[in-house]
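S.K.: I am attaching a structure below and will ask some questions about it afterwards.
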Amino acid sequence: MATTPETVEPQAGGARAPRPAAARKVTRHRGEGQWGMGHYTPLNANEQFKKDDDGLNVRTRIETIYAHRGFDSIDPADLRGRMRWWGLYTQRKEGIDGGKTAILDPHELDAEFFMLRVRIDGGRLTVAQLKAISEVSEQYARGTADLTDRQNVQYHWIRIEDVPAIWQKLEAVGLSTTEACGDTPRVILGSPVAGIAEDEIIDGTPAIEEIQRRFIGNQEFSNLPRKFKSAVSGSPLLDVAHEINDVAFVGVEHPEHGPGFDLWVGGGLSTNPKLGVRLGAWVPLDEVADVYGGVIGIFRDYGYRRLRNRARLKFLVADWGVEKFRQVLEDEYLKYKLVDGPAPKEPSGRWRDHVGVHRQKDGNFYVGFAPRVGRVSGKTLGLIADLAAAHGSDRLRTTAEQKMLVLDVAEDQVESLVAGLEALDLRVTPSPFRRGTMACTGIEYCKLAIVETKERGRTLIDELESRLPEFDEPLTININGCPNACARIQVADIGLKGQLVTDENGEQVEGYQVHLGGALGLEAGFGRKVRGLKVTSAGLPDYVERLLTRYQADRRDGERFAQ
Ligand code: SF4
């Protein structure tokens, strides 16, 4: 640990909440850059630009300067830093292959276009909102629109000149890009079937709305050590990947107090992946936002800010342990003791995506459908909105598995809606390959990518559907374009981490390191990285076919692929 003396001073960028007791202790050592320990001097470039100006303030400069003067007028600290607070990342220049990534200054990869992420908290959309998303895509994003595994929509090819008009269009229907990226409270995942599922334990929607109201776009929480991911679900299917969020609230029935939420903290993938841990506390619906505030407060005040790769909450949770984390949460932030509570039960099924036709508790139906690897388009989203409206629905949902749902469909409308979706190649009864394959953005647009992902995923699905038409088991295949974990490779049955590999001719080509046997749920665990097990992109369908064929031939009764 570094021990260089430093000057202790408050942050200039943005207002902050009153410091907890420990924050008032001034120490003279650099430590991990924890504000709560009195370490306010920025220890890296990211902390410096956040101190120089709050990321949320960049919006005014975009609207008054950059959108008028163009890409070249953008301050580099805004371009590669603060623009993320409004969901904007520069996109990768066309035609630069993954092999060059390592030798180029990352800034040489910047195109003069942006990726723009629209946050969809709880995955909740109306028809008017989906139409607006579609129109923005068609008008400003060359028709692009991807469904992400965090229930968002991502555009590409966005020009800085168009950003104010895009915000106007999205905000007119209640959507936003506020803190969709950056060191901020990101989108709040929610069960796609909140409020409608027959088997629901509790509807977390009011808590999500309260968290949005109190914490999103709030400068007390807009300078966090890094991103802060959260999830709230009262579904017994455990449908929001709660194990890999910084804070998660999972529906449980308390034997004395009734339905509420089990509290999890400290999950996260990427480098040093960790599954979230239970604090053993039961949280009633009307206290979820307070507890969220306590956990995000701990992260802001005690989270590590010295090294970016140790700046997620999971490292603090690992160092403190469950007991201390809960005690600090209760004593310094909530000022009351949490009630002990039970763990969630094992979900009844392995699919968590709600694909298919299902009855709601009000007697209507919801219809979940699968594009391939989350890739849709503005045009398709517009047609989905039209189809929903024509079948009497005004509510849609995105899922944490790159899928979508139409809610509130009367029984006599279901067949026609399903036919309409299938005609758009949106499968309501997809193969396990289409249903279970996810892919991140990859080299097409992402500056960190080493390999292609979306097109590889689409090809793999098509190949496996034609080679293994009888295969009919839940299976997850997650494809990443680099060692990061945007598509959750560590918790997939088959996780594919993009890298350059050597082919049979000794050439360096695109390929994947294979991880096998990861899972979420009560048997959650990370896949094993099989030493030396790498496949080329071209050899991927053959490899997966061999793997699944061998599994089918060798499995014992009842054995699942992941076991
Ligand atoms: Fe980009 Fe890597 Fe994330 Fe894929 S996993 S979107 S390539 S950073």
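By order in the structure tokens, chains are A, B, ...; within a chain, residues start at 1; ligands start at 1, following the order shown.
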Given a cut-off of 10 Å, what residues near ligand 1 show up using only C-alpha atoms and all ligand atoms, put as an NGL selection string?
M.R.: :A and (92 or 98 or 148 or 270 or 439-454 or 479-489 or 497-499)
S.K.: Taking only segment 154-269 of chain A into account, list the residues labelled alpha helix (DSSP H) by DSSP (computed from the backbone), as a PDB file with all heavy atoms, in the first residue's frame.
M.R.:
ATOM      1  N   VAL A 163     -27.400  14.901 -30.727  1.00  0.00           N
ATOM      2  CA  VAL A 163     -27.699  14.436 -29.364  1.00  0.00           C
ATOM      3  C   VAL A 163     -28.809  15.257 -28.683  1.00  0.00           C
ATOM      4  O   VAL A 163     -29.740  14.672 -28.090  1.00  0.00           O
ATOM      5  CB  VAL A 163     -26.404  14.378 -28.524  1.00  0.00           C
ATOM      6  CG1 VAL A 163     -26.714  14.118 -27.056  1.00  0.00           C
ATOM      7  CG2 VAL A 163     -25.489  13.277 -29.068  1.00  0.00           C
ATOM      8  N   PRO A 164     -28.785  16.600 -28.759  1.00  0.00           N
ATOM      9  CA  PRO A 164     -29.890  17.330 -28.104  1.00  0.00           C
ATOM     10  C   PRO A 164     -31.268  16.941 -28.650  1.00  0.00           C
ATOM     11  O   PRO A 164     -32.225  16.789 -27.875  1.00  0.00           O
ATOM     12  CB  PRO A 164     -29.561  18.803 -28.404  1.00  0.00           C
ATOM     13  CG  PRO A 164     -28.067  18.812 -28.571  1.00  0.00           C
ATOM     14  CD  PRO A 164     -27.756  17.515 -29.266  1.00  0.00           C
ATOM     15  N   ALA A 165     -31.382  16.765 -29.956  1.00  0.00           N
ATOM     16  CA  ALA A 165     -32.682  16.389 -30.533  1.00  0.00           C
ATOM     17  C   ALA A 165     -33.095  14.986 -30.082  1.00  0.00           C
ATOM     18  O   ALA A 165     -34.282  14.706 -29.833  1.00  0.00           O
ATOM     19  CB  ALA A 165     -32.600  16.449 -32.066  1.00  0.00           C
ATOM     20  N   ILE A 166     -32.113  14.107 -29.941  1.00  0.00           N
ATOM     21  CA  ILE A 166     -32.410  12.747 -29.467  1.00  0.00           C
ATOM     22  C   ILE A 166     -32.939  12.796 -28.038  1.00  0.00           C
ATOM     23  O   ILE A 166     -33.945  12.159 -27.700  1.00  0.00           O
ATOM     24  CB  ILE A 166     -31.152  11.859 -29.565  1.00  0.00           C
ATOM     25  CG1 ILE A 166     -30.777  11.635 -31.025  1.00  0.00           C
ATOM     26  CG2 ILE A 166     -31.367  10.526 -28.838  1.00  0.00           C
ATOM     27  CD1 ILE A 166     -29.422  10.965 -31.223  1.00  0.00           C
ATOM     28  N   TRP A 167     -32.246  13.572 -27.190  1.00  0.00           N
ATOM     29  CA  TRP A 167     -32.717  13.694 -25.804  1.00  0.00           C
ATOM     30  C   TRP A 167     -34.152  14.232 -25.769  1.00  0.00           C
ATOM     31  O   TRP A 167     -34.986  13.750 -25.016  1.00  0.00           O
ATOM     32  CB  TRP A 167     -31.795  14.628 -25.010  1.00  0.00           C
ATOM     33  CG  TRP A 167     -30.523  13.972 -24.578  1.00  0.00           C
ATOM     34  CD1 TRP A 167     -30.306  12.647 -24.359  1.00  0.00           C
ATOM     35  CD2 TRP A 167     -29.277  14.631 -24.304  1.00  0.00           C
ATOM     36  NE1 TRP A 167     -29.006  12.436 -23.965  1.00  0.00           N
ATOM     37  CE2 TRP A 167     -28.355  13.635 -23.916  1.00  0.00           C
ATOM     38  CE3 TRP A 167     -28.858  15.959 -24.347  1.00  0.00           C
ATOM     39  CZ2 TRP A 167     -27.040  13.921 -23.576  1.00  0.00           C
ATOM     40  CZ3 TRP A 167     -27.546  16.242 -23.997  1.00  0.00           C
ATOM     41  CH2 TRP A 167     -26.650  15.240 -23.624  1.00  0.00           C
ATOM     42  N   GLN A 168     -34.401  15.234 -26.602  1.00  0.00           N
ATOM     43  CA  GLN A 168     -35.739  15.832 -26.602  1.00  0.00           C
ATOM     44  C   GLN A 168     -36.800  14.782 -26.940  1.00  0.00           C
ATOM     45  O   GLN A 168     -37.832  14.687 -26.294  1.00  0.00           O
ATOM     46  CB  GLN A 168     -35.756  16.939 -27.651  1.00  0.00           C
ATOM     47  CG  GLN A 168     -36.782  17.998 -27.395  1.00  0.00           C
ATOM     48  CD  GLN A 168     -36.609  19.153 -28.369  1.00  0.00           C
ATOM     49  OE1 GLN A 168     -35.955  19.029 -29.418  1.00  0.00           O
ATOM     50  NE2 GLN A 168     -37.190  20.279 -28.037  1.00  0.00           N
ATOM     51  N   LYS A 169     -36.481  13.973 -27.928  1.00  0.00           N
ATOM     52  CA  LYS A 169     -37.455  12.965 -28.384  1.00  0.00           C
ATOM     53  C   LYS A 169     -37.664  11.884 -27.321  1.00  0.00           C
ATOM     54  O   LYS A 169     -38.789  11.461 -27.052  1.00  0.00           O
ATOM     55  CB  LYS A 169     -36.933  12.336 -29.675  1.00  0.00           C
ATOM     56  CG  LYS A 169     -37.996  11.648 -30.473  1.00  0.00           C
ATOM     57  CD  LYS A 169     -37.545  11.457 -31.912  1.00  0.00           C
ATOM     58  CE  LYS A 169     -38.605  10.783 -32.748  1.00  0.00           C
ATOM     59  NZ  LYS A 169     -39.771  11.528 -33.040  1.00  0.00           N
ATOM     60  N   LEU A 170     -36.570  11.441 -26.719  1.00  0.00           N
ATOM     61  CA  LEU A 170     -36.685  10.381 -25.706  1.00  0.00           C
ATOM     62  C   LEU A 170     -37.349  10.911 -24.435  1.00  0.00           C
ATOM     63  O   LEU A 170     -38.217  10.255 -23.848  1.00  0.00           O
ATOM     64  CB  LEU A 170     -35.300   9.813 -25.370  1.00  0.00           C
ATOM     65  CG  LEU A 170     -34.586   9.048 -26.485  1.00  0.00           C
ATOM     66  CD1 LEU A 170     -33.165   8.674 -26.056  1.00  0.00           C
ATOM     67  CD2 LEU A 170     -35.349   7.774 -26.868  1.00  0.00           C
ATOM     68  N   GLU A 171     -36.945  12.088 -24.029  1.00  0.00           N
ATOM     69  CA  GLU A 171     -37.466  12.627 -22.763  1.00  0.00           C
ATOM     70  C   GLU A 171     -38.938  13.009 -22.874  1.00  0.00           C
ATOM     71  O   GLU A 171     -39.666  12.995 -21.876  1.00  0.00           O
ATOM     72  CB  GLU A 171     -36.597  13.796 -22.296  1.00  0.00           C
ATOM     73  CG  GLU A 171     -35.231  13.297 -21.828  1.00  0.00           C
ATOM     74  CD  GLU A 171     -34.195  14.383 -21.610  1.00  0.00           C
ATOM     75  OE1 GLU A 171     -34.552  15.573 -21.680  1.00  0.00           O
ATOM     76  OE2 GLU A 171     -33.021  14.029 -21.364  1.00  0.00           O
ATOM     77  N   THR A 205     -41.698  -2.941  -8.358  1.00  0.00           N
ATOM     78  CA  THR A 205     -41.758  -1.722  -9.169  1.00  0.00           C
ATOM     79  C   THR A 205     -41.754  -0.426  -8.341  1.00  0.00           C
ATOM     80  O   THR A 205     -41.017   0.514  -8.673  1.00  0.00           O
ATOM     81  CB  THR A 205     -43.004  -1.744 -10.088  1.00  0.00           C
ATOM     82  OG1 THR A 205     -42.988  -2.984 -10.813  1.00  0.00           O
ATOM     83  CG2 THR A 205     -43.005  -0.589 -11.056  1.00  0.00           C
ATOM     84  N   PRO A 206     -42.538  -0.334  -7.256  1.00  0.00           N
ATOM     85  CA  PRO A 206     -42.501   0.931  -6.497  1.00  0.00           C
ATOM     86  C   PRO A 206     -41.106   1.248  -5.966  1.00  0.00           C
ATOM     87  O   PRO A 206     -40.721   2.422  -5.904  1.00  0.00           O
ATOM     88  CB  PRO A 206     -43.482   0.678  -5.341  1.00  0.00           C
ATOM     89  CG  PRO A 206     -44.370  -0.426  -5.815  1.00  0.00           C
ATOM     90  CD  PRO A 206     -43.525  -1.281  -6.706  1.00  0.00           C
ATOM     91  N   ALA A 207     -40.351   0.226  -5.600  1.00  0.00           N
ATOM     92  CA  ALA A 207     -38.992   0.461  -5.090  1.00  0.00           C
ATOM     93  C   ALA A 207     -38.089   0.973  -6.213  1.00  0.00           C
ATOM     94  O   ALA A 207     -37.270   1.886  -6.002  1.00  0.00           O
ATOM     95  CB  ALA A 207     -38.424  -0.829  -4.489  1.00  0.00           C
ATOM     96  N   ILE A 208     -38.219   0.408  -7.408  1.00  0.00           N
ATOM     97  CA  ILE A 208     -37.404   0.876  -8.543  1.00  0.00           C
ATOM     98  C   ILE A 208     -37.721   2.342  -8.834  1.00  0.00           C
ATOM     99  O   ILE A 208     -36.819   3.170  -9.045  1.00  0.00           O
ATOM    100  CB  ILE A 208     -37.645  -0.012  -9.784  1.00  0.00           C
ATOM    101  CG1 ILE A 208     -37.114  -1.424  -9.531  1.00  0.00           C
ATOM    102  CG2 ILE A 208     -37.004   0.598 -11.029  1.00  0.00           C
ATOM    103  CD1 ILE A 208     -37.412  -2.421 -10.624  1.00  0.00           C
ATOM    104  N   GLU A 209     -38.999   2.689  -8.812  1.00  0.00           N
ATOM    105  CA  GLU A 209     -39.384   4.080  -9.090  1.00  0.00           C
ATOM    106  C   GLU A 209     -38.836   5.032  -8.024  1.00  0.00           C
ATOM    107  O   GLU A 209     -38.389   6.135  -8.339  1.00  0.00           O
ATOM    108  CB  GLU A 209     -40.912   4.184  -9.169  1.00  0.00           C
ATOM    109  CG  GLU A 209     -41.450   3.516 -10.426  1.00  0.00           C
ATOM    110  CD  GLU A 209     -42.972   3.395 -10.457  1.00  0.00           C
ATOM    111  OE1 GLU A 209     -43.622   3.529  -9.388  1.00  0.00           O
ATOM    112  OE2 GLU A 209     -43.502   3.127 -11.549  1.00  0.00           O
ATOM    113  N   GLU A 210     -38.843   4.589  -6.795  1.00  0.00           N
ATOM    114  CA  GLU A 210     -38.333   5.430  -5.707  1.00  0.00           C
ATOM    115  C   GLU A 210     -36.807   5.604  -5.815  1.00  0.00           C
ATOM    116  O   GLU A 210     -36.278   6.700  -5.591  1.00  0.00           O
ATOM    117  CB  GLU A 210     -38.718   4.803  -4.352  1.00  0.00           C
ATOM    118  CG  GLU A 210     -38.308   5.575  -3.129  1.00  0.00           C
ATOM    119  CD  GLU A 210     -39.041   6.908  -2.946  1.00  0.00           C
ATOM    120  OE1 GLU A 210     -39.906   7.242  -3.764  1.00  0.00           O
ATOM    121  OE2 GLU A 210     -38.687   7.623  -1.979  1.00  0.00           O
ATOM    122  N   ILE A 211     -36.116   4.528  -6.179  1.00  0.00           N
ATOM    123  CA  ILE A 211     -34.654   4.623  -6.369  1.00  0.00           C
ATOM    124  C   ILE A 211     -34.352   5.600  -7.513  1.00  0.00           C
ATOM    125  O   ILE A 211     -33.473   6.456  -7.398  1.00  0.00           O
ATOM    126  CB  ILE A 211     -34.043   3.236  -6.653  1.00  0.00           C
ATOM    127  CG1 ILE A 211     -34.150   2.340  -5.413  1.00  0.00           C
ATOM    128  CG2 ILE A 211     -32.585   3.361  -7.086  1.00  0.00           C
ATOM    129  CD1 ILE A 211     -33.840   0.875  -5.679  1.00  0.00           C
ATOM    130  N   GLN A 212     -35.096   5.468  -8.609  1.00  0.00           N
ATOM    131  CA  GLN A 212     -34.901   6.395  -9.732  1.00  0.00           C
ATOM    132  C   GLN A 212     -35.086   7.846  -9.265  1.00  0.00           C
ATOM    133  O   GLN A 212     -34.278   8.717  -9.574  1.00  0.00           O
ATOM    134  CB  GLN A 212     -35.943   6.123 -10.826  1.00  0.00           C
ATOM    135  CG  GLN A 212     -35.612   4.979 -11.749  1.00  0.00           C
ATOM    136  CD  GLN A 212     -36.714   4.834 -12.790  1.00  0.00           C
ATOM    137  OE1 GLN A 212     -37.728   4.190 -12.551  1.00  0.00           O
ATOM    138  NE2 GLN A 212     -36.518   5.439 -13.946  1.00  0.00           N
ATOM    139  N   ARG A 213     -36.153   8.072  -8.533  1.00  0.00           N
ATOM    140  CA  ARG A 213     -36.494   9.438  -8.106  1.00  0.00           C
ATOM    141  C   ARG A 213     -35.419  10.032  -7.198  1.00  0.00           C
ATOM    142  O   ARG A 213     -35.047  11.196  -7.348  1.00  0.00           O
ATOM    143  CB  ARG A 213     -37.844   9.403  -7.379  1.00  0.00           C
ATOM    144  CG  ARG A 213     -38.501  10.749  -7.178  1.00  0.00           C
ATOM    145  CD  ARG A 213     -39.796  10.624  -6.387  1.00  0.00           C
ATOM    146  NE  ARG A 213     -39.601  10.172  -5.015  1.00  0.00           N
ATOM    147  CZ  ARG A 213     -39.095  10.896  -4.028  1.00  0.00           C
ATOM    148  NH1 ARG A 213     -38.718  12.134  -4.261  1.00  0.00           N
ATOM    149  NH2 ARG A 213     -38.945  10.404  -2.810  1.00  0.00           N
ATOM    150  N   ARG A 214     -34.875   9.212  -6.309  1.00  0.00           N
ATOM    151  CA  ARG A 214     -33.966   9.748  -5.300  1.00  0.00           C
ATOM    152  C   ARG A 214     -32.490   9.731  -5.691  1.00  0.00           C
ATOM    153  O   ARG A 214     -31.711  10.551  -5.225  1.00  0.00           O
ATOM    154  CB  ARG A 214     -34.139   8.975  -3.987  1.00  0.00           C
ATOM    155  CG  ARG A 214     -35.406   9.383  -3.261  1.00  0.00           C
ATOM    156  CD  ARG A 214     -35.803   8.449  -2.148  1.00  0.00           C
ATOM    157  NE  ARG A 214     -34.769   8.199  -1.156  1.00  0.00           N
ATOM    158  CZ  ARG A 214     -34.949   7.401  -0.102  1.00  0.00           C
ATOM    159  NH1 ARG A 214     -36.118   6.804   0.077  1.00  0.00           N
ATOM    160  NH2 ARG A 214     -33.976   7.193   0.751  1.00  0.00           N
ATOM    161  N   PHE A 215     -32.092   8.791  -6.535  1.00  0.00           N
ATOM    162  CA  PHE A 215     -30.645   8.592  -6.712  1.00  0.00           C
ATOM    163  C   PHE A 215     -30.128   8.814  -8.124  1.00  0.00           C
ATOM    164  O   PHE A 215     -28.927   8.985  -8.304  1.00  0.00           O
ATOM    165  CB  PHE A 215     -30.266   7.170  -6.262  1.00  0.00           C
ATOM    166  CG  PHE A 215     -30.590   6.923  -4.815  1.00  0.00           C
ATOM    167  CD1 PHE A 215     -31.717   6.200  -4.445  1.00  0.00           C
ATOM    168  CD2 PHE A 215     -29.781   7.457  -3.821  1.00  0.00           C
ATOM    169  CE1 PHE A 215     -32.033   5.996  -3.110  1.00  0.00           C
ATOM    170  CE2 PHE A 215     -30.084   7.259  -2.482  1.00  0.00           C
ATOM    171  CZ  PHE A 215     -31.216   6.534  -2.123  1.00  0.00           C
TER     172      PHE A 215
END
S.K.: Find the residues near segment 137-140 of chain A: any atom within 10 Å, counting only C-alpha atoms, skip ones fewer than 6 places away on the same chain, and give them as a list in words.
M.R.: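 Once the adjacent positions are removed, what remains is Lys131, Gln154, Tyr155, His156, Trp157, Ile158, Arg159, Glu161, Asp162, Val163, Ala165, Ile166, Ser377, Gly378, Lys379, Leu381 and Gly382 of chain A.
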S.K.: Go ahead and dump the residues you just picked, N, CA and C atoms, as a tab-separated table (two decimals), in the first residue's frame.
M.R.:
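part_8.tsv written:
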chain	number	residue	atom	x	y	z
A	131	LYS	N	-41.91	3.20	-29.68
A	131	LYS	CA	-41.98	3.90	-30.97
A	131	LYS	C	-40.93	5.02	-31.02
A	154	GLN	N	-29.15	-0.01	-27.02
A	154	GLN	CA	-27.95	0.72	-27.45
A	154	GLN	C	-28.04	1.07	-28.93
A	155	TYR	N	-27.72	2.33	-29.22
A	155	TYR	CA	-27.60	2.79	-30.60
A	155	TYR	C	-26.13	2.92	-30.97
A	156	HIS	N	-25.89	2.97	-32.27
A	156	HIS	CA	-24.55	3.30	-32.78
A	156	HIS	C	-24.68	4.37	-33.86
A	157	TRP	N	-23.54	4.91	-34.29
A	157	TRP	CA	-23.47	5.92	-35.34
A	157	TRP	C	-24.11	7.25	-34.95
A	158	ILE	N	-24.14	7.56	-33.66
A	158	ILE	CA	-24.76	8.81	-33.22
A	158	ILE	C	-23.77	9.97	-33.44
A	159	ARG	N	-24.25	11.05	-34.04
A	159	ARG	CA	-23.44	12.27	-34.23
A	159	ARG	C	-23.69	13.21	-33.07
A	161	GLU	N	-23.89	16.29	-33.12
A	161	GLU	CA	-24.83	17.34	-33.53
A	161	GLU	C	-26.28	16.95	-33.24
A	162	ASP	N	-26.57	15.64	-33.22
A	162	ASP	CA	-27.96	15.18	-33.09
A	162	ASP	C	-28.37	14.87	-31.65
A	163	VAL	N	-27.40	14.90	-30.73
A	163	VAL	CA	-27.70	14.44	-29.36
A	163	VAL	C	-28.81	15.26	-28.68
A	165	ALA	N	-31.38	16.77	-29.96
A	165	ALA	CA	-32.68	16.39	-30.53
A	165	ALA	C	-33.10	14.99	-30.08
A	166	ILE	N	-32.11	14.11	-29.94
A	166	ILE	CA	-32.41	12.75	-29.47
A	166	ILE	C	-32.94	12.80	-28.04
A	377	SER	N	-33.45	-3.90	-34.68
A	377	SER	CA	-33.19	-2.68	-35.45
A	377	SER	C	-34.30	-1.71	-35.09
A	378	GLY	N	-34.09	-0.45	-35.45
A	378	GLY	CA	-35.14	0.52	-35.18
A	378	GLY	C	-36.43	0.14	-35.87
A	379	LYS	N	-36.29	-0.34	-37.10
A	379	LYS	CA	-37.48	-0.71	-37.87
A	379	LYS	C	-38.23	-1.84	-37.16
A	381	LEU	N	-38.13	-2.70	-34.01
A	381	LEU	CA	-38.74	-2.24	-32.75
A	381	LEU	C	-40.03	-1.48	-33.02
A	382	GLY	N	-40.06	-0.71	-34.09
A	382	GLY	CA	-41.29	-0.01	-34.45
A	382	GLY	C	-42.40	-0.98	-34.80
S.K.: What lies within 9 Å of Tyr333 of chain A using only C-alpha atoms, ignoring chain neighbours under 3 positions off, as an MDAnalysis selection string?
M.R.: chainID A and resid 20 290:291 293:295 297:298 328:330 336
S.K.: Can you write out the residues you just picked, keeping all heavy atoms, as a PDB file, in the first residue's frame?
M.R.:
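Done, and the output landed in again.pdb:
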ATOM      1  N   PRO A  20     -19.933  10.395   6.606  1.00  0.00           N
ATOM      2  CA  PRO A  20     -20.155   9.635   7.825  1.00  0.00           C
ATOM      3  C   PRO A  20     -19.052   9.935   8.836  1.00  0.00           C
ATOM      4  O   PRO A  20     -18.066  10.581   8.508  1.00  0.00           O
ATOM      5  CB  PRO A  20     -20.075   8.184   7.344  1.00  0.00           C
ATOM      6  CG  PRO A  20     -19.220   8.245   6.130  1.00  0.00           C
ATOM      7  CD  PRO A  20     -19.512   9.564   5.490  1.00  0.00           C
ATOM      8  N   ASP A 290     -34.192   3.099   0.822  1.00  0.00           N
ATOM      9  CA  ASP A 290     -33.285   3.529   1.905  1.00  0.00           C
ATOM     10  C   ASP A 290     -32.040   2.640   1.945  1.00  0.00           C
ATOM     11  O   ASP A 290     -30.915   3.125   2.103  1.00  0.00           O
ATOM     12  CB  ASP A 290     -33.987   3.430   3.266  1.00  0.00           C
ATOM     13  CG  ASP A 290     -35.128   4.427   3.396  1.00  0.00           C
ATOM     14  OD1 ASP A 290     -35.106   5.439   2.668  1.00  0.00           O
ATOM     15  OD2 ASP A 290     -36.030   4.174   4.212  1.00  0.00           O
ATOM     16  N   VAL A 291     -32.254   1.338   1.831  1.00  0.00           N
ATOM     17  CA  VAL A 291     -31.122   0.406   1.900  1.00  0.00           C
ATOM     18  C   VAL A 291     -30.226   0.576   0.672  1.00  0.00           C
ATOM     19  O   VAL A 291     -28.991   0.570   0.785  1.00  0.00           O
ATOM     20  CB  VAL A 291     -31.628  -1.053   2.048  1.00  0.00           C
ATOM     21  CG1 VAL A 291     -30.468  -2.030   1.959  1.00  0.00           C
ATOM     22  CG2 VAL A 291     -32.380  -1.212   3.372  1.00  0.00           C
ATOM     23  N   GLY A 293     -29.795   3.335  -0.819  1.00  0.00           N
ATOM     24  CA  GLY A 293     -29.057   4.564  -0.504  1.00  0.00           C
ATOM     25  C   GLY A 293     -27.902   4.310   0.441  1.00  0.00           C
ATOM     26  O   GLY A 293     -26.829   4.901   0.299  1.00  0.00           O
ATOM     27  N   GLY A 294     -28.113   3.420   1.404  1.00  0.00           N
ATOM     28  CA  GLY A 294     -27.033   3.087   2.334  1.00  0.00           C
ATOM     29  C   GLY A 294     -25.887   2.374   1.638  1.00  0.00           C
ATOM     30  O   GLY A 294     -24.707   2.712   1.845  1.00  0.00           O
ATOM     31  N   VAL A 295     -26.227   1.424   0.783  1.00  0.00           N
ATOM     32  CA  VAL A 295     -25.173   0.646   0.112  1.00  0.00           C
ATOM     33  C   VAL A 295     -24.414   1.534  -0.876  1.00  0.00           C
ATOM     34  O   VAL A 295     -23.174   1.501  -0.926  1.00  0.00           O
ATOM     35  CB  VAL A 295     -25.761  -0.601  -0.593  1.00  0.00           C
ATOM     36  CG1 VAL A 295     -24.686  -1.324  -1.388  1.00  0.00           C
ATOM     37  CG2 VAL A 295     -26.396  -1.538   0.431  1.00  0.00           C
ATOM     38  N   GLY A 297     -24.097   4.673  -0.660  1.00  0.00           N
ATOM     39  CA  GLY A 297     -23.336   5.609   0.173  1.00  0.00           C
ATOM     40  C   GLY A 297     -22.030   4.989   0.659  1.00  0.00           C
ATOM     41  O   GLY A 297     -20.975   5.624   0.635  1.00  0.00           O
ATOM     42  N   ILE A 298     -22.094   3.738   1.100  1.00  0.00           N
ATOM     43  CA  ILE A 298     -20.868   3.035   1.506  1.00  0.00           C
ATOM     44  C   ILE A 298     -19.895   2.976   0.330  1.00  0.00           C
ATOM     45  O   ILE A 298     -18.698   3.231   0.480  1.00  0.00           O
ATOM     46  CB  ILE A 298     -21.194   1.597   1.984  1.00  0.00           C
ATOM     47  CG1 ILE A 298     -21.926   1.638   3.327  1.00  0.00           C
ATOM     48  CG2 ILE A 298     -19.916   0.762   2.096  1.00  0.00           C
ATOM     49  CD1 ILE A 298     -22.349   0.262   3.836  1.00  0.00           C
ATOM     50  N   VAL A 328     -21.744  -1.585   9.300  1.00  0.00           N
ATOM     51  CA  VAL A 328     -21.547  -0.198   8.846  1.00  0.00           C
ATOM     52  C   VAL A 328     -22.829   0.322   8.192  1.00  0.00           C
ATOM     53  O   VAL A 328     -23.251   1.467   8.414  1.00  0.00           O
ATOM     54  CB  VAL A 328     -20.348  -0.104   7.868  1.00  0.00           C
ATOM     55  CG1 VAL A 328     -20.248   1.293   7.260  1.00  0.00           C
ATOM     56  CG2 VAL A 328     -19.049  -0.463   8.584  1.00  0.00           C
ATOM     57  N   LEU A 329     -23.465  -0.525   7.401  1.00  0.00           N
ATOM     58  CA  LEU A 329     -24.725  -0.133   6.746  1.00  0.00           C
ATOM     59  C   LEU A 329     -25.764   0.269   7.796  1.00  0.00           C
ATOM     60  O   LEU A 329     -26.418   1.317   7.683  1.00  0.00           O
ATOM     61  CB  LEU A 329     -25.231  -1.308   5.889  1.00  0.00           C
ATOM     62  CG  LEU A 329     -26.592  -1.145   5.230  1.00  0.00           C
ATOM     63  CD1 LEU A 329     -26.573   0.005   4.213  1.00  0.00           C
ATOM     64  CD2 LEU A 329     -27.013  -2.449   4.522  1.00  0.00           C
ATOM     65  N   GLU A 330     -25.903  -0.548   8.814  1.00  0.00           N
ATOM     66  CA  GLU A 330     -26.919  -0.285   9.837  1.00  0.00           C
ATOM     67  C   GLU A 330     -26.546   0.914  10.717  1.00  0.00           C
ATOM     68  O   GLU A 330     -27.370   1.801  10.956  1.00  0.00           O
ATOM     69  CB  GLU A 330     -27.093  -1.522  10.729  1.00  0.00           C
ATOM     70  CG  GLU A 330     -27.711  -2.700   9.990  1.00  0.00           C
ATOM     71  CD  GLU A 330     -27.732  -3.984  10.814  1.00  0.00           C
ATOM     72  OE1 GLU A 330     -26.954  -4.098  11.792  1.00  0.00           O
ATOM     73  OE2 GLU A 330     -28.521  -4.877  10.478  1.00  0.00           O
ATOM     74  N   TYR A 336     -30.637   2.111  11.872  1.00  0.00           N
ATOM     75  CA  TYR A 336     -31.506   1.115  12.495  1.00  0.00           C
ATOM     76  C   TYR A 336     -31.009  -0.269  12.110  1.00  0.00           C
ATOM     77  O   TYR A 336     -30.232  -0.413  11.162  1.00  0.00           O
ATOM     78  CB  TYR A 336     -32.982   1.294  12.103  1.00  0.00           C
ATOM     79  CG  TYR A 336     -33.301   1.129  10.628  1.00  0.00           C
ATOM     80  CD1 TYR A 336     -33.483  -0.142  10.051  1.00  0.00           C
ATOM     81  CD2 TYR A 336     -33.442   2.246   9.803  1.00  0.00           C
ATOM     82  CE1 TYR A 336     -33.788  -0.282   8.705  1.00  0.00           C
ATOM     83  CE2 TYR A 336     -33.744   2.113   8.460  1.00  0.00           C
ATOM     84  CZ  TYR A 336     -33.919   0.844   7.911  1.00  0.00           C
ATOM     85  OH  TYR A 336     -34.204   0.711   6.583  1.00  0.00           O
TER      86      TYR A 336
END
